[in-house]
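Colleague: target-v1.txt is the file, holding compact mmCIF, C-alpha atoms (C1' of nucleotides) and all ligand atoms:
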```txt
# COMPACT_ATOMS: atom_id res chain seq x y z
CA MET Z 570 28.73 -23.02 0.04
CA THR Z 571 25.62 -21.64 1.66
CA ASP Z 572 22.18 -22.06 0.17
CA PHE Z 573 21.81 -18.30 -0.18
CA LYS Z 574 25.13 -17.96 -2.00
CA GLU Z 575 24.09 -20.69 -4.40
CA LYS Z 576 20.81 -18.96 -5.21
CA LEU Z 577 22.67 -15.73 -5.86
CA ASN Z 578 25.31 -17.44 -8.00
CA ASP Z 579 22.62 -19.10 -10.10
CA GLN Z 580 21.62 -15.69 -11.35
CA SER Z 581 25.17 -14.25 -11.15
CA TYR Z 582 24.47 -12.00 -8.24
CA LYS Z 583 27.24 -11.51 -5.71
CA LEU Z 584 27.04 -12.48 -2.09
CA THR Z 585 27.79 -9.34 -0.13
CA GLY Z 586 27.92 -8.70 3.58
CA GLN Z 587 24.99 -6.34 3.23
CA ARG Z 588 22.77 -8.86 1.50
CA GLN Z 589 23.60 -11.49 4.07
CA ALA Z 590 22.93 -9.02 6.86
CA VAL Z 591 19.47 -8.14 5.56
CA LEU Z 592 18.59 -11.79 5.15
CA ASP Z 593 19.88 -12.55 8.65
CA ILE Z 594 17.75 -9.84 10.20
CA LEU Z 595 14.66 -11.14 8.42
CA THR Z 596 15.43 -14.67 9.57
CA LEU Z 597 16.06 -13.61 13.15
CA HIS Z 598 12.83 -11.58 13.28
CA HIS Z 599 10.71 -13.92 11.21
CA GLU Z 600 7.76 -13.65 13.59
CA GLU Z 601 7.53 -9.91 13.16
CA HIS Z 602 6.74 -8.23 9.90
CA LEU Z 603 9.43 -5.62 9.55
CA SER Z 604 9.29 -2.51 7.39
CA ALA Z 605 12.29 -1.36 5.34
CA ASP Z 606 12.93 1.35 7.89
CA GLN Z 607 12.82 -1.08 10.82
CA ILE Z 608 15.27 -3.35 9.04
CA HIS Z 609 17.55 -0.39 8.39
CA LYS Z 610 17.45 0.66 12.03
CA LEU Z 611 18.16 -2.86 13.28
CA LEU Z 612 21.15 -3.06 10.95
CA GLU Z 613 22.49 0.29 12.15
CA GLU Z 614 22.94 -1.24 15.59
CA GLN Z 615 25.44 -3.64 14.07
CA LYS Z 616 28.95 -2.60 13.03
CA GLY Z 617 28.91 -0.55 9.84
CA GLY Z 618 25.24 -0.84 9.16
CA VAL Z 619 23.75 -0.84 5.69
CA GLY Z 620 22.70 2.16 3.62
CA ILE Z 621 18.96 2.64 3.27
CA ALA Z 622 19.21 2.46 -0.53
CA THR Z 623 20.91 -0.90 -0.24
CA VAL Z 624 18.22 -2.11 2.13
CA TYR Z 625 15.59 -1.32 -0.48
CA ARG Z 626 17.66 -2.81 -3.31
CA THR Z 627 18.26 -5.97 -1.32
CA LEU Z 628 14.60 -6.34 -0.45
CA GLN Z 629 13.72 -6.09 -4.14
CA LEU Z 630 16.30 -8.72 -4.95
CA LEU Z 631 15.18 -11.08 -2.21
CA GLU Z 632 11.62 -10.74 -3.41
CA LYS Z 633 12.67 -11.53 -6.98
CA LEU Z 634 14.48 -14.63 -5.68
CA LYS Z 635 11.27 -15.53 -3.87
CA LEU Z 636 13.05 -15.67 -0.53
CA ILE Z 637 10.76 -13.05 0.96
CA SER Z 638 7.44 -11.42 0.19
CA ARG Z 639 5.89 -8.13 1.06
CA ILE Z 640 2.62 -7.83 2.93
CA TYR Z 641 0.18 -5.01 3.58
CA LEU Z 642 -1.34 -5.05 7.03
CA ASP Z 643 -3.48 -1.96 6.43
CA ASP Z 644 -1.31 0.22 8.63
CA GLY Z 645 -0.11 2.15 5.62
CA CYS Z 646 3.38 0.73 5.37
CA THR Z 647 4.95 -2.06 3.39
CA ARG Z 648 6.26 -4.95 5.44
CA TYR Z 649 8.43 -7.91 4.58
CA GLN Z 650 8.54 -11.51 5.70
CA ILE Z 651 10.92 -14.35 4.99
CA HIS Z 652 9.77 -17.64 3.53
CA LEU Z 653 10.86 -20.26 6.00
CA GLU Z 654 12.18 -23.58 4.70
CA THR Z 655 9.55 -25.38 6.74
CA GLU Z 656 6.54 -23.95 4.92
CA LYS Z 657 5.45 -25.54 1.66
CA HIS Z 658 3.17 -22.68 0.62
CA GLU Z 659 2.82 -19.00 1.21
CA HIS Z 660 1.32 -18.43 4.62
CA HIS Z 661 -1.49 -16.08 5.56
CA HIS Z 662 -2.41 -13.86 8.48
CA LEU Z 663 -4.79 -13.58 11.38
CA ILE Z 664 -5.00 -9.92 12.32
CA CYS Z 665 -6.41 -8.99 15.71
CA ASN Z 666 -8.56 -5.87 15.61
CA ARG Z 667 -8.20 -5.49 19.38
CA CYS Z 668 -4.45 -5.64 20.03
CA GLY Z 669 -3.12 -5.49 16.49
CA HIS Z 670 -1.22 -8.74 16.83
CA VAL Z 671 -0.56 -10.56 13.56
CA GLU Z 672 -0.34 -14.31 13.67
CA ASP Z 673 0.91 -16.45 10.83
CA PHE Z 674 -1.51 -18.96 9.51
CA GLN Z 675 -0.51 -22.06 7.54
CA ASP Z 676 -3.45 -22.86 5.42
CA ASP Z 677 -4.21 -25.67 2.99
CA LEU Z 678 -7.74 -24.88 4.17
CA LEU Z 679 -8.38 -22.95 0.98
CA ASP Z 680 -7.08 -25.50 -1.47
CA PRO Z 681 -10.52 -27.10 -1.97
CA LEU Z 682 -11.93 -23.67 -2.76
CA GLU Z 683 -9.65 -23.17 -5.74
CA GLN Z 684 -11.47 -25.89 -7.67
CA GLN Z 685 -14.75 -24.27 -6.76
CA VAL Z 686 -13.53 -20.90 -8.05
CA PHE Z 687 -12.61 -22.54 -11.34
CA GLU Z 688 -16.00 -24.15 -11.74
CA GLN Z 689 -17.84 -21.00 -10.78
CA TYR Z 690 -15.74 -18.33 -12.51
CA GLY Z 691 -13.63 -20.19 -15.09
CA PHE Z 692 -10.60 -18.74 -13.32
CA ARG Z 693 -7.67 -21.13 -12.79
CA VAL Z 694 -6.15 -20.35 -9.39
CA PHE Z 695 -2.42 -20.86 -8.80
CA ASP Z 696 -1.98 -18.95 -5.57
CA HIS Z 697 -3.93 -17.01 -3.01
CA ARG Z 698 -3.51 -14.55 -0.18
CA VAL Z 699 -5.84 -14.35 2.76
CA LYS Z 700 -6.17 -12.03 5.70
CA PHE Z 701 -8.58 -12.87 8.50
CA TYR Z 702 -9.64 -10.05 10.80
CA GLY Z 703 -11.03 -10.69 14.24
CA ILE Z 704 -10.11 -11.19 17.87
CA CYS Z 705 -7.09 -13.26 18.84
CA ARG Z 706 -7.02 -15.99 21.47
CA THR Z 707 -5.33 -13.73 24.02
CA CYS Z 708 -7.83 -10.91 23.65
CA LEU Z 709 -10.73 -13.37 23.83
CA ASN Z 710 -9.43 -14.63 27.16
CA VAL Z 711 -9.03 -11.12 28.54
CA GLN Z 712 -12.65 -10.38 27.66
CA VAL Z 713 -13.85 -13.38 29.61
CA ASN Z 714 -12.11 -12.30 32.83
CA MET Q 194 -33.14 13.70 0.03
CA THR Q 195 -30.53 11.37 -1.42
CA ASP Q 196 -29.17 8.40 0.48
CA PHE Q 197 -25.70 9.90 0.42
CA LYS Q 198 -26.87 13.20 1.83
CA GLU Q 199 -28.64 11.35 4.62
CA LYS Q 200 -25.51 9.46 5.56
CA LEU Q 201 -23.53 12.68 5.63
CA ASN Q 202 -26.17 14.49 7.65
CA ASP Q 203 -26.24 11.68 10.20
CA GLN Q 204 -22.70 12.59 11.15
CA SER Q 205 -23.15 16.31 10.40
CA TYR Q 206 -20.98 16.34 7.32
CA LYS Q 207 -22.03 18.60 4.49
CA LEU Q 208 -22.98 17.45 1.05
CA THR Q 209 -20.71 19.27 -1.35
CA GLY Q 210 -20.41 19.12 -5.11
CA GLN Q 211 -16.90 17.72 -4.73
CA ARG Q 212 -17.97 14.86 -2.48
CA GLN Q 213 -20.80 13.97 -4.79
CA ALA Q 214 -18.47 14.12 -7.79
CA VAL Q 215 -15.95 11.71 -6.22
CA LEU Q 216 -18.70 9.31 -5.29
CA ASP Q 217 -20.20 9.55 -8.79
CA ILE Q 218 -16.87 8.72 -10.44
CA LEU Q 219 -16.43 5.70 -8.18
CA THR Q 220 -19.95 4.55 -8.96
CA LEU Q 221 -19.54 5.04 -12.70
CA HIS Q 222 -16.20 3.18 -12.72
CA HIS Q 223 -17.14 0.55 -10.17
CA GLU Q 224 -15.62 -2.26 -12.25
CA GLU Q 225 -12.21 -0.64 -12.28
CA HIS Q 226 -10.19 -0.03 -9.17
CA LEU Q 227 -9.16 3.58 -9.42
CA SER Q 228 -6.26 5.23 -7.65
CA ALA Q 229 -6.57 8.68 -6.07
CA ASP Q 230 -4.63 10.12 -8.98
CA GLN Q 231 -6.86 8.46 -11.57
CA ILE Q 232 -9.94 9.80 -9.80
CA HIS Q 233 -8.39 13.25 -9.73
CA LYS Q 234 -7.62 13.12 -13.48
CA LEU Q 235 -11.12 11.92 -14.35
CA LEU Q 236 -12.60 14.76 -12.33
CA GLU Q 237 -10.39 17.32 -14.05
CA GLU Q 238 -12.11 16.49 -17.32
CA GLN Q 239 -15.33 17.77 -15.80
CA LYS Q 240 -16.02 21.45 -15.28
CA GLY Q 241 -14.04 22.86 -12.40
CA GLY Q 242 -12.53 19.61 -11.27
CA VAL Q 243 -11.63 18.85 -7.67
CA GLY Q 244 -8.39 19.65 -5.86
CA ILE Q 245 -6.16 16.68 -5.18
CA ALA Q 246 -6.23 17.38 -1.44
CA THR Q 247 -10.00 17.23 -1.51
CA VAL Q 248 -9.89 13.97 -3.43
CA TYR Q 249 -7.78 12.44 -0.65
CA ARG Q 250 -9.92 13.97 2.08
CA THR Q 251 -13.09 12.71 0.43
CA LEU Q 252 -11.70 9.21 0.00
CA GLN Q 253 -10.85 9.14 3.70
CA LEU Q 254 -14.35 10.28 4.55
CA LEU Q 255 -16.04 7.77 2.24
CA GLU Q 256 -13.95 5.03 3.76
CA LYS Q 257 -14.94 6.09 7.26
CA LEU Q 258 -18.59 6.01 6.18
CA LYS Q 259 -17.94 2.51 4.84
CA LEU Q 260 -19.12 3.51 1.38
CA ILE Q 261 -15.81 2.53 -0.18
CA SER Q 262 -12.74 0.51 0.72
CA ARG Q 263 -9.15 0.56 -0.38
CA ILE Q 264 -7.43 -2.40 -1.94
CA TYR Q 265 -3.82 -3.29 -2.70
CA LEU Q 266 -3.34 -5.13 -5.97
CA ASP Q 267 0.43 -5.43 -5.56
CA ASP Q 268 1.16 -2.82 -8.19
CA GLY Q 269 2.45 -0.45 -5.56
CA CYS Q 270 -0.47 1.94 -5.45
CA THR Q 271 -3.55 2.26 -3.31
CA ARG Q 272 -6.81 1.76 -5.12
CA TYR Q 273 -10.41 2.38 -4.13
CA GLN Q 274 -13.68 0.61 -4.82
CA ILE Q 275 -17.25 1.44 -4.01
CA HIS Q 276 -19.48 -0.89 -2.03
CA LEU Q 277 -22.44 -1.54 -4.24
CA GLU Q 278 -25.88 -1.78 -2.67
CA THR Q 279 -26.32 -5.22 -4.17
CA GLU Q 280 -23.50 -6.89 -2.26
CA LYS Q 281 -24.15 -8.11 1.26
CA HIS Q 282 -20.49 -8.60 2.16
CA GLU Q 283 -17.12 -7.25 1.17
CA HIS Q 284 -16.12 -8.79 -2.13
CA HIS Q 285 -12.76 -10.26 -3.09
CA HIS Q 286 -10.59 -10.43 -6.19
CA LEU Q 287 -9.42 -12.78 -8.89
CA ILE Q 288 -6.18 -11.35 -10.28
CA CYS Q 289 -4.94 -12.64 -13.64
CA ASN Q 290 -1.17 -13.02 -13.75
CA ARG Q 291 -1.28 -13.05 -17.55
CA CYS Q 292 -3.26 -9.96 -18.50
CA GLY Q 293 -3.53 -8.21 -15.14
CA HIS Q 294 -7.30 -8.16 -15.22
CA VAL Q 295 -8.96 -7.98 -11.81
CA GLU Q 296 -12.35 -9.57 -11.45
CA ASP Q 297 -14.61 -9.10 -8.47
CA PHE Q 298 -15.54 -12.20 -6.60
CA GLN Q 299 -18.56 -12.52 -4.35
CA ASP Q 300 -17.70 -15.15 -1.85
CA ASP Q 301 -19.57 -16.74 1.02
CA LEU Q 302 -17.28 -19.63 0.07
CA LEU Q 303 -15.01 -18.82 2.97
CA ASP Q 304 -17.65 -18.53 5.65
CA PRO Q 305 -17.37 -22.21 6.65
CA LEU Q 306 -13.62 -21.73 7.06
CA GLU Q 307 -14.01 -19.12 9.75
CA GLN Q 308 -15.32 -21.71 12.17
CA GLN Q 309 -12.41 -23.95 11.29
CA VAL Q 310 -9.94 -21.13 11.99
CA PHE Q 311 -11.52 -20.66 15.40
CA GLU Q 312 -11.24 -24.31 16.29
CA GLN Q 313 -7.68 -24.56 15.04
CA TYR Q 314 -6.23 -21.24 16.21
CA GLY Q 315 -8.64 -19.94 18.86
CA PHE Q 316 -9.00 -16.86 16.68
CA ARG Q 317 -12.55 -15.49 16.29
CA VAL Q 318 -12.91 -14.25 12.71
CA PHE Q 319 -15.22 -11.33 11.91
CA ASP Q 320 -14.06 -10.50 8.42
CA HIS Q 321 -11.66 -11.62 5.76
CA ARG Q 322 -9.98 -10.48 2.57
CA VAL Q 323 -8.91 -12.84 -0.17
CA LYS Q 324 -6.96 -12.45 -3.37
CA PHE Q 325 -6.74 -15.35 -5.80
CA TYR Q 326 -3.94 -15.24 -8.34
CA GLY Q 327 -4.07 -17.25 -11.54
CA ILE Q 328 -5.23 -17.18 -15.15
CA CYS Q 329 -8.56 -15.69 -16.09
CA ARG Q 330 -11.16 -17.28 -18.33
CA THR Q 331 -10.21 -15.10 -21.31
CA CYS Q 332 -6.50 -15.90 -21.08
CA LEU Q 333 -7.25 -19.60 -20.67
CA ASN Q 334 -9.23 -19.56 -23.91
CA VAL Q 335 -6.46 -17.73 -25.76
CA GLN Q 336 -3.99 -20.40 -24.63
CA VAL Q 337 -6.15 -23.16 -26.04
CA ASN Q 338 -6.29 -21.61 -29.53
C1' DC U 157 -34.94 35.12 1.23
C1' DG U 158 -30.15 37.06 3.47
C1' DA U 159 -27.07 36.94 7.41
C1' DT U 160 -24.22 33.95 10.05
C1' DC U 161 -20.75 30.58 11.10
C1' DG U 162 -18.38 26.54 11.23
C1' DA U 163 -17.08 23.21 7.80
C1' DA U 164 -15.02 22.39 3.31
C1' DT U 165 -12.03 23.63 -0.38
C1' DG U 166 -7.81 24.59 -3.16
C1' DA U 167 -3.16 26.08 -3.58
C1' DT U 168 0.78 24.84 -1.97
C1' DA U 169 4.15 23.65 1.57
C1' DA U 170 5.71 19.78 4.21
C1' DC U 171 6.54 15.14 4.86
C1' DA U 172 7.55 10.20 4.23
C1' DA U 173 8.64 6.33 1.44
C1' DT U 174 10.99 4.88 -2.40
C1' DT U 175 13.94 5.23 -6.45
C1' DA U 176 17.72 7.30 -9.32
C1' DT U 177 22.37 9.05 -9.81
C1' DC U 178 27.13 8.62 -9.60
C1' DA U 179 31.64 8.43 -7.59
C1' DT U 180 33.85 4.84 -4.88
C1' DT U 181 34.43 0.18 -3.25
C1' DT U 182 34.41 -4.74 -3.63
C1' DA U 183 33.32 -9.82 -4.92
C1' DA U 184 34.57 -13.08 -7.93
C1' DA U 185 37.12 -14.95 -11.74
C1' DG U 186 41.37 -15.58 -14.05
C1' DC F 115 47.48 -10.03 -7.36
C1' DT F 116 44.74 -7.84 -11.33
C1' DT F 117 40.93 -6.93 -13.57
C1' DT F 118 36.20 -5.77 -14.21
C1' DA F 119 31.52 -5.56 -13.75
C1' DA F 120 28.49 -5.37 -9.96
C1' DA F 121 27.30 -3.42 -5.54
C1' DT F 122 27.36 0.20 -2.24
C1' DG F 123 26.46 4.66 0.18
C1' DA F 124 25.56 9.47 0.17
C1' DT F 125 22.34 12.14 -1.40
C1' DA F 126 19.34 14.17 -4.96
C1' DA F 127 14.98 13.40 -7.11
C1' DT F 128 10.48 11.68 -7.34
C1' DT F 129 6.07 10.20 -5.77
C1' DG F 130 2.11 9.67 -2.85
C1' DT F 131 -0.06 11.66 0.95
C1' DT F 132 -0.98 14.94 4.69
C1' DA F 133 -0.86 19.65 6.89
C1' DT F 134 -1.54 24.60 6.67
C1' DC F 135 -4.24 28.53 5.99
C1' DA F 136 -6.67 32.04 3.55
C1' DT F 137 -10.98 31.88 1.00
C1' DT F 138 -15.44 29.93 -0.19
C1' DC F 139 -19.67 27.66 0.69
C1' DG F 140 -23.62 24.65 2.75
C1' DA F 141 -26.86 24.54 6.14
C1' DT F 142 -29.39 26.70 9.68
C1' DC F 143 -32.15 30.25 11.51
C1' DG F 144 -34.31 34.45 11.77
MN MN Z 801 3.71 -13.63 8.08
MN MN Z 802 -13.33 -4.94 -6.42
ZN ZN Z 803 -5.52 -9.50 20.20
ZN ZN Z 804 -6.16 -12.74 -18.08
```
What does this structure look like when you write it as structure tokens?
Ligand SMILES: [Mn+2]
Ligand SMILES: [Mn+2]
Ligand SMILES: [Zn+2]
Ligand SMILES: [Zn+2]
Modeller:
Amino acid sequence: MTDFKEKLNDQSYKLTGQRQAVLDILTLHHEEHLSADQIHKLLEEQKGGVGIATVYRTLQLLEKLKLISRIYLDDGCTRYQIHLETEKHEHHHLICNRCGHVEDFQDDLLDPLEQQVFEQYGFRVFDHRVKFYGICRTCLNVQVN
Amino acid sequence: MTDFKEKLNDQSYKLTGQRQAVLDILTLHHEEHLSADQIHKLLEEQKGGVGIATVYRTLQLLEKLKLISRIYLDDGCTRYQIHLETEKHEHHHLICNRCGHVEDFQDDLLDPLEQQVFEQYGFRVFDHRVKFYGICRTCLNVQVN
DNA sequence: CGATCGAATGATAACAATTATCATTTAAAG
DNA sequence: CTTTAAATGATAATTGTTATCATTCGATCG
């Protein structure tokens, strides 16, 4: 029994072809940050496809199961990303203002700050989200040439 | 001549009552993070009010002038905040998962990290946005009692 | 001042993203 | 297999935002 099916069973959700298909697409394209519409279009290329309402419903479910999370990259649309098995914590993003490329960023860098926030603000931090804006490695190299 | 009028003049925008009213509301409510709709409703209580289209247009303009910025607090709606004169840099947010309260957070804490990101990822950081999730001081005290 | 003129506004239509509805289909359990 | 509640898909409804366009208004200049 697959890991996904187990997680669904735990909460008495059913494993459907559509749910698996959405998860598969997100896994396959884990480097991109797909919007609901992009996911829907990618699924249409497969046999049958999945209704747009089901895409949205499945994304809500996957988010509730903490298998994915949504991110806002300031381009005005909601995007989704899968949580890979390999990452212990939520990852963050390096956003290039030149080419628009978004690179994932495994942190742990901020963990020491959480203590500092507690001391300074009395706020107990459990989680954080960071976006860094700047110029990516590729664009920096182009500038040099 | 007001500071706002100057900034508008610089780019040959006109100072209108509506633009001033939107800016005033954002200044008055600078601790909250108002949505376009909330701003519109607050303005309706004043004489005349401001059309919703103008509210959106003004928010776009104020953002372009870097007098405000939009934030996403994961409640599915776009919110706006004014940049106070007193803050040198963009501020960040402490979001309480218990009571939903959002506290502003003046950082500089992350500045040392930007160098580290460059060394580790070759990405030159110019700006960053952080959200810390956790339990606020008030909710922590309640828990203790 | 008052005339002039392009910019700004408001009402509302259009659009895009998301959610709700409901008849039909299907996964899972017995 | 049957049964049954859950899930799906087509599509209507809703919501947030932008576009359109006739009307109004702020700033400039005599
Ligand atoms: Mn990512
Ligand atoms: Mn703020
Ligand atoms: Zn780049
Ligand atoms: Zn709280």
Colleague: Should the cut-off be 10 Å, what would the residue list for chain Q against chain U look like, counting all atoms listed in the file, as number ranges by chain?
Modeller: Q: 205-209, 211-212, 243-247, 250
Colleague: Suppose we keep C-alpha atoms; can you now write the selection as a CSV table (one decimal), keeping the file's coordinate frame?
Modeller:
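The resulting part.csv:
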```
chain,number,residue,atom,x,y,z
Q,205,SER,CA,-23.2,16.3,10.4
Q,206,TYR,CA,-21.0,16.3,7.3
Q,207,LYS,CA,-22.0,18.6,4.5
Q,208,LEU,CA,-23.0,17.4,1.0
Q,209,THR,CA,-20.7,19.3,-1.4
Q,211,GLN,CA,-16.9,17.7,-4.7
Q,212,ARG,CA,-18.0,14.9,-2.5
Q,243,VAL,CA,-11.6,18.8,-7.7
Q,244,GLY,CA,-8.4,19.6,-5.9
Q,245,ILE,CA,-6.2,16.7,-5.2
Q,246,ALA,CA,-6.2,17.4,-1.4
Q,247,THR,CA,-10.0,17.2,-1.5
Q,250,ARG,CA,-9.9,14.0,2.1
```
Colleague: Could you list, as a list in words, every residue of chain Q that has an atom within 7 Å of an atom of chain Z, counting only C-alpha atoms?
Modeller: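 On the chain Q side, the interface is Gly315, Phe316, Arg317, Val318, Phe319, Asp320, His321, Arg322, Val323, Lys324, Phe325, Tyr326, Gly327, Ile328, Cys329 and Arg330 of chain Q.
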Colleague: Figure out the distance between atom C1' of DA136 of chain F and atom CA of Asp217 of chain Q, please, to one decimal in Å.
Modeller: 29.0 Å
Colleague: Using all atoms listed in the file, I'd like every residue of chain F that has an atom within 9 Å of chain Q; please write them out as a list in words.
Modeller: DG130, DT131, DT132, DC139, DG140 and DA141 of chain F
Colleague: What is the atom CA of Leu611 of chain Z-atom C1' of DT125 of chain F distance in Å, reported with one decimal?
Modeller: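 For atom CA of Leu611 of chain Z relative to atom C1' of DT125 of chain F, the distance reads 21.4 Å.
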Colleague: Smallest atom-to-atom distance to DA121 of chain F: which of Z:Arg667, Z:Phe573, Z:Val624, Z:Glu632, using only C-alpha atoms (C1' of nucleotides)?
Modeller: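 Ranking Z:Arg667, Z:Phe573, Z:Val624, Z:Glu632 by distance to DA121 of chain F, first place goes to Z:Val624.
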Colleague: In Å, how far is it from atom CA of Ala214 of chain Q to atom CA of Gln299 of chain Q?
Modeller: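 Atom CA of Gln299 of chain Q lies at a distance of 26.9 Å from atom CA of Ala214 of chain Q.
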Colleague: Got a sec: who's within 6 Å of Tyr273 of chain Q, counting only C-alpha atoms (C1' of nucleotides), leaving out chain neighbours fewer than 4 positions off, as a CSV table (one decimal) with C-alpha atoms, in the frame of the given file?
Modeller:
```csv
chain,number,residue,atom,x,y,z
Q,226,HIS,CA,-10.2,0.0,-9.2
Q,227,LEU,CA,-9.2,3.6,-9.4
Q,262,SER,CA,-12.7,0.5,0.7
Q,263,ARG,CA,-9.2,0.6,-0.4
```
